[in-house]
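Student: What follows is a single structure, and I will ask about it in a moment.
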Amino acid sequence: MQDIKPAPFGVLGKIDSAIGRVEVWILGWGIILMAANTIANVFGRYVFNQSIYFSEELNEFLIVIVTFMGLGYATRKGIHIRMSAIYDALPTKLRKGLMVVIAATTAVMMALLTWYAFEYVQKVASRGRITPALQLPLYLTYIWVVIGLALTSFQYLLTALRNLNFAEEVIYVSYLEVDSYEDPETAAALRRHEETTGEDKT
């Protein structure tokens, strides 16, 4: 995964950077644990003829975590799917204004979904339901939906705030990422290749 870029300014930048590091840590360990759990279960099944009884349930739990924490991470990196045919045809100022409207509207929608998810988690917690294998409270699974949606709402809010400076022509698809169809890693690799080729020619 890419390193978190330094915060460009202010308290919001520091908060964004801190959340980014936590997201990367959770996503990284979530994927590692899923892989380790799956490999251990296959090994136990075919070598010892005994599956790990909680393996499937644990993977389901980890999938929820990775999915909804990944939602905030994708928003932070500006790599979510966008339908931009009309948007791309507009002048820069209008595109910047439209980005503010889109980001602010999405932030509100994500906040509403966060609230509804939180209410659902409260109902599940009040009923005292537990998971069949691990015997853990069921709401511990769904709480990650609330966290993921809340972080996504926060990211879209940051995007809207970042684009409010209309004196700056740059348009941001997230708090740190500039609006571009170019993948940052691919672009960096191409630049390195061009520099190497240029050096060889001289």
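Chain labels run A, B, ... following the order of the structure tokens; each chain numbers its residues from 1, and ligands are numbered from 1 in the order shown.
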When DSSP works through the backbone of this structure, what residues of segment 9-186 of chain A end up as strand (DSSP E or B), shown as JSON, numbers by chain?

Tutor: {"A": [130, 137, 172, 178]}

Student: DSSP says helix (DSSP H, G or I) for which residues of segment 33-127 of chain A? Put them as JSON, numbers by chain?

Tutor: {"A": [33, 34, 35, 36, 37, 38, 39, 40, 41, 42, 43, 44, 45, 46, 47, 55, 56, 57, 58, 59, 60, 61, 62, 63, 64, 65, 66, 67, 68, 69, 70, 71, 72, 73, 74, 75, 76, 77, 85, 86, 87, 88, 89, 92, 93, 94, 95, 96, 97, 98, 99, 100, 101, 102, 103, 104, 105, 106, 107, 108, 109, 110, 111, 112, 113, 114, 115, 116, 117, 118, 119, 120, 121, 122, 123, 124, 125, 126, 127]}

Student: Calculated over only C-alpha atoms, which of the candidates A:Thr67, A:Thr141, A:Thr92, A:Thr197 has the smallest distance to Val170 of chain A?

Tutor: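 Selected residue with least distance to Val170 of chain A: A:Thr92.
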
Student: Residues near His80 of chain A, anyone? I mean within 12 Å using only C-alpha atoms, not counting same-chain ones fewer than 5 positions away, as a list in words.

Tutor: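 That gives Gly70, Leu71, Gly72, Tyr73, Ala74, Thr75, Thr152, Tyr156, Val173, Ser174, Glu177, Asp179 and Tyr181 of chain A.
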
Student: For a quick check of understanding, using only C-alpha atoms, which of A:Tyr139, A:Phe43, A:Phe154, A:Trp115 has the smallest distance to Phe61 of chain A?

Tutor: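 Closest candidate: A:Tyr139.
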
Student: If I take atom CA of Leu27 of chain A and atom CA of Phe68 of chain A, how far is one from the other in Å, to one decimal?

Tutor: 9.7 Å

Student: Between atom CA of Pro91 of chain A and atom CA of Val108 of chain A, measure the distance and give it in Å to one decimal.

Tutor: 25.8 Å

Student: Could you list, as a list in words, every residue within 9 Å of Asn37 of chain A, counting only C-alpha atoms and ignoring same-chain residues fewer than 5 positions away?

Tutor: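 So, after excluding close chain neighbours, the residues are Ile32, Val42, Ile52, Ser55, Glu56, Leu58 and Asn59 of chain A.
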
Student: Find the distance between atom CA of Ala40 of chain A and atom CA of Leu62 of chain A and write it in Å to one decimal.

Tutor: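 About the pair atom CA of Ala40 of chain A and atom CA of Leu62 of chain A: they are 15.3 Å apart.
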
Student: Would you kindly return, as a ChimeraX atom specification, each protein, DNA or RNA residue with an atom no farther than 12 Å from any atom of Lys93 of chain A, considering only C-alpha atoms and excluding same-chain residues fewer than 5 positions away?

Tutor: /A:87-88,98-100,163-171

Student: Which residue gives the smallest distance to Glu57 of chain A among A:Ile86, A:Ala107, A:Leu176, A:Met34, with only C-alpha atoms counted?

Tutor: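 The shortest atom-to-atom distance to Glu57 of chain A comes from A:Met34.
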
Student: Between A:Ser51, A:Thr106, A:Gln122, A:Ser153, which one has atoms that come closest to Leu140 of chain A, using only C-alpha atoms?

Tutor: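 Nearest candidate to Leu140 of chain A out of A:Ser51, A:Thr106, A:Gln122, A:Ser153: A:Gln122.
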
Student: Which residue out of A:Phe54, A:Ser126, A:Val64, A:Trp25 has the minimum interatomic distance to Trp144 of chain A when only C-alpha atoms are used?

Tutor: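 Closest residue, counting only C-alpha atoms: A:Val64.
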